[in-house]
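Student: First the structure, then my questions, so here it is.
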Amino acid sequence: MGNLDGLSIYLSMLLRHRPQEAHITLDEHGWADVDELLAGVNSTGRKIDMSMLEEIVATDKKQRYSFSPDKTLIRANQGHSIPVDVEPKEQEPPEFLYHGTALRFLDSIKAEGIKPMSRLYVHLSKDIKTAVTVGKRHGEPVILKIHSKEMHIAGCPFYLSENGVWLTKKVAPEYFEEMAPQE
């Protein structure tokens, strides 16, 4: 399974950030032609076929990918640094959402708010545990409690991605508070 994990990471990079590395193109909604993707990945010296791709999509813990209904197209569900519209569904968020980050970013975030940085959206979690996991990826974790319902009432749209990640364009400092460390 380790080989599929490596391929999944590579697919994530291609479908979210650098499709040109495997000579594939994404349409305006982030879709890539599956046959073009398989040929492109194989042209880099990696080996992948349709059954492997189907297994990656089905078993990816973060549910990063979606197939079109006829499985001729594939895309990453969110996390793009290239401008695509993955057509997330606008939804009313719960009262609170959570954002995991690293302590070293906290002063900047308190001053400027939470920004998408290299992504198209700020990613928010529906639970503290997920936010802690995200924060740990970047260093000593800090969890920010987002007053998402209040933001929504003030006119900030929220979207729910295919894999359950909440997305918004920015979180201003007045809409979050630092939570006490916990585990």
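By order of appearance in the structure tokens: chains A, B, ..., then residues from 1 within every chain, and ligands from 1 in the order shown.
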To test your reading of the structure, identify every residue in range 4-173 of chain A that backbone DSSP assigns to alpha helix (DSSP H), and report it as a ChimeraX atom specification.
Tutor: /A:4-16,34-42,50-59,106-112,128-136,148-153
Student: Mind checking which residues fall within 12 Å of range 169-176 of chain A, counting only C-alpha atoms, ignoring those fewer than 2 positions away in the same chain, and posting them as a PyMOL selection string?
Tutor: chain A and resi 95-100+106-124+143-159+166-167+178-179
Student: Output the selection as a short mmCIF file (atom, residue, chain, number, x, y, z; two decimals), in the first residue's frame - C-alpha atoms for each residue.
Tutor:
```cif
data_model
loop_
_atom_site.label_atom_id
_atom_site.label_comp_id
_atom_site.auth_asym_id
_atom_site.auth_seq_id
_atom_site.Cartn_x
_atom_site.Cartn_y
_atom_site.Cartn_z
CA GLU A 95 -22.06 28.15 15.21
CA PHE A 96 -18.33 27.44 15.57
CA LEU A 97 -15.62 26.01 13.35
CA TYR A 98 -11.94 25.52 14.15
CA HIS A 99 -8.64 26.38 12.52
CA GLY A 100 -5.37 24.69 13.37
CA LEU A 106 -0.21 33.51 15.63
CA ASP A 107 0.96 37.16 15.84
CA SER A 108 0.50 37.64 12.10
CA ILE A 109 -2.92 35.96 12.18
CA LYS A 110 -4.06 38.10 15.12
CA ALA A 111 -3.02 41.23 13.20
CA GLU A 112 -4.26 40.33 9.70
CA GLY A 113 -6.81 37.57 10.19
CA ILE A 114 -6.73 34.09 8.73
CA LYS A 115 -5.92 34.27 5.02
CA PRO A 116 -5.85 31.49 2.43
CA MET A 117 -2.12 32.07 1.77
CA SER A 118 -1.23 29.91 -1.26
CA ARG A 119 -4.69 28.33 -1.40
CA LEU A 120 -7.94 29.67 -2.77
CA TYR A 121 -9.79 29.37 0.56
CA VAL A 122 -9.16 29.25 4.29
CA HIS A 123 -9.71 25.66 5.45
CA LEU A 124 -11.73 25.15 8.64
CA ILE A 143 -6.36 26.17 17.78
CA LEU A 144 -8.52 29.12 16.83
CA LYS A 145 -12.26 28.97 17.51
CA ILE A 146 -14.08 30.63 14.61
CA HIS A 147 -17.41 32.38 15.20
CA SER A 148 -18.66 31.07 11.87
CA LYS A 149 -22.38 31.59 12.43
CA GLU A 150 -21.73 35.25 13.31
CA MET A 151 -19.58 35.64 10.17
CA HIS A 152 -22.29 34.06 8.04
CA ILE A 153 -24.94 36.41 9.44
CA ALA A 154 -22.60 39.31 8.61
CA GLY A 155 -22.59 38.17 4.96
CA CYS A 156 -19.45 36.00 4.71
CA PRO A 157 -20.18 32.95 2.56
CA PHE A 158 -19.10 29.48 3.68
CA TYR A 159 -18.74 26.41 1.53
CA TRP A 166 -15.38 24.07 5.51
CA LEU A 167 -14.06 26.84 3.28
CA GLU A 178 -7.43 31.43 20.62
CA MET A 179 -8.41 28.31 22.51
#
```
Student: Using DSSP on the backbone, list every residue of chain A that comes out as strand (DSSP E or B), and give them as number ranges by chain.
Tutor: A: 32-33, 65-67, 73-76, 89-90, 97-102, 114, 122-125, 141-146, 159-160, 166-168, 171, 176-178
Student: Given only C-alpha atoms, how would the per-residue table for range 36-155 of chain A near range 15-20 of chain A read, listing every residue at most 9 Å away with its closest atom pair and distance in Å to one decimal, sorted by chain and number, as a Markdown table?
Tutor:
```
| residue | atom | partner | partner_atom | distance |
| --- | --- | --- | --- | --- |
| A:Leu37 | CA | A:Pro19 | CA | 9.0 |
| A:Tyr65 | CA | A:Leu15 | CA | 8.9 |
| A:Ile74 | CA | A:Leu15 | CA | 8.5 |
| A:Arg75 | CA | A:Leu15 | CA | 6.2 |
| A:Ala76 | CA | A:Leu15 | CA | 5.7 |
| A:Asn77 | CA | A:Arg16 | CA | 8.8 |
| A:Gln78 | CA | A:Arg16 | CA | 7.6 |
| A:Gly79 | CA | A:Arg16 | CA | 6.3 |
| A:His80 | CA | A:Arg16 | CA | 4.2 |
| A:Ser81 | CA | A:His17 | CA | 5.4 |
| A:Ile82 | CA | A:His17 | CA | 5.8 |
```
Student: Can you tell me, as a PyMOL selection string, what residues are no more than 10 Å from Val132 in chain A when counting only C-alpha atoms, ignoring any on the same chain fewer than 4 positions away?
Tutor: chain A and resi 98-102+125+127-128+136-137+140-144+181-183
Student: Any chance you can output those residues with N, CA and C atoms as a PDB file, in the first residue's frame?
Tutor:
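Output contents, as saved in again.pdb:
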```pdb
ATOM      1  N   TYR A  98     -13.259  25.454  13.530  1.00  0.00           N
ATOM      2  CA  TYR A  98     -11.937  25.524  14.149  1.00  0.00           C
ATOM      3  C   TYR A  98     -10.848  25.568  13.083  1.00  0.00           C
ATOM      4  N   HIS A  99      -9.769  26.268  13.430  1.00  0.00           N
ATOM      5  CA  HIS A  99      -8.638  26.382  12.516  1.00  0.00           C
ATOM      6  C   HIS A  99      -7.370  26.036  13.281  1.00  0.00           C
ATOM      7  N   GLY A 100      -6.637  25.064  12.769  1.00  0.00           N
ATOM      8  CA  GLY A 100      -5.367  24.693  13.375  1.00  0.00           C
ATOM      9  C   GLY A 100      -4.227  25.375  12.655  1.00  0.00           C
ATOM     10  N   THR A 101      -3.325  25.954  13.424  1.00  0.00           N
ATOM     11  CA  THR A 101      -2.157  26.605  12.845  1.00  0.00           C
ATOM     12  C   THR A 101      -0.991  26.402  13.800  1.00  0.00           C
ATOM     13  N   ALA A 102       0.132  27.011  13.485  1.00  0.00           N
ATOM     14  CA  ALA A 102       1.309  26.891  14.346  1.00  0.00           C
ATOM     15  C   ALA A 102       1.480  28.173  15.154  1.00  0.00           C
ATOM     16  N   SER A 125     -12.147  23.355  10.200  1.00  0.00           N
ATOM     17  CA  SER A 125     -12.577  22.026  10.630  1.00  0.00           C
ATOM     18  C   SER A 125     -13.834  22.133  11.480  1.00  0.00           C
ATOM     19  N   ASP A 127     -14.360  20.071  13.922  1.00  0.00           N
ATOM     20  CA  ASP A 127     -14.043  19.600  15.273  1.00  0.00           C
ATOM     21  C   ASP A 127     -12.619  19.987  15.661  1.00  0.00           C
ATOM     22  N   ILE A 128     -12.405  20.054  16.955  1.00  0.00           N
ATOM     23  CA  ILE A 128     -11.120  20.480  17.510  1.00  0.00           C
ATOM     24  C   ILE A 128     -10.019  19.472  17.186  1.00  0.00           C
ATOM     25  N   LYS A 136      -0.509  20.647  14.038  1.00  0.00           N
ATOM     26  CA  LYS A 136       0.738  19.920  14.300  1.00  0.00           C
ATOM     27  C   LYS A 136       1.596  19.780  13.051  1.00  0.00           C
ATOM     28  N   ARG A 137       0.978  19.808  11.882  1.00  0.00           N
ATOM     29  CA  ARG A 137       1.739  19.701  10.633  1.00  0.00           C
ATOM     30  C   ARG A 137       2.679  20.887  10.448  1.00  0.00           C
ATOM     31  N   GLU A 140       4.284  23.787  16.606  1.00  0.00           N
ATOM     32  CA  GLU A 140       3.524  23.718  17.856  1.00  0.00           C
ATOM     33  C   GLU A 140       2.100  24.208  17.581  1.00  0.00           C
ATOM     34  N   PRO A 141       1.086  23.342  17.789  1.00  0.00           N
ATOM     35  CA  PRO A 141      -0.265  23.692  17.345  1.00  0.00           C
ATOM     36  C   PRO A 141      -0.958  24.737  18.226  1.00  0.00           C
ATOM     37  N   VAL A 142      -1.713  25.578  17.557  1.00  0.00           N
ATOM     38  CA  VAL A 142      -2.597  26.546  18.197  1.00  0.00           C
ATOM     39  C   VAL A 142      -3.958  26.363  17.526  1.00  0.00           C
ATOM     40  N   ILE A 143      -5.017  26.351  18.329  1.00  0.00           N
ATOM     41  CA  ILE A 143      -6.357  26.175  17.785  1.00  0.00           C
ATOM     42  C   ILE A 143      -7.117  27.487  17.931  1.00  0.00           C
ATOM     43  N   LEU A 144      -7.711  27.914  16.828  1.00  0.00           N
ATOM     44  CA  LEU A 144      -8.525  29.116  16.831  1.00  0.00           C
ATOM     45  C   LEU A 144      -9.986  28.707  16.674  1.00  0.00           C
ATOM     46  N   PRO A 181      -4.798  25.342  25.088  1.00  0.00           N
ATOM     47  CA  PRO A 181      -4.275  24.075  24.557  1.00  0.00           C
ATOM     48  C   PRO A 181      -4.961  22.893  25.215  1.00  0.00           C
ATOM     49  N   GLN A 182      -5.257  21.891  24.427  1.00  0.00           N
ATOM     50  CA  GLN A 182      -5.908  20.686  24.953  1.00  0.00           C
ATOM     51  C   GLN A 182      -5.630  19.505  24.059  1.00  0.00           C
ATOM     52  N   GLU A 183      -5.798  18.354  24.606  1.00  0.00           N
ATOM     53  CA  GLU A 183      -5.679  17.115  23.834  1.00  0.00           C
ATOM     54  C   GLU A 183      -6.420  16.036  24.534  1.00  0.00           C
TER      55      GLU A 183
END
```
Student: With only C-alpha atoms as the basis for distance, which of A:Glu55, A:Asp60, A:Glu21, A:Asp49 is at the shortest distance from Ile9 in chain A?
Tutor: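 So, comparing all the options, the nearest one is A:Asp60.
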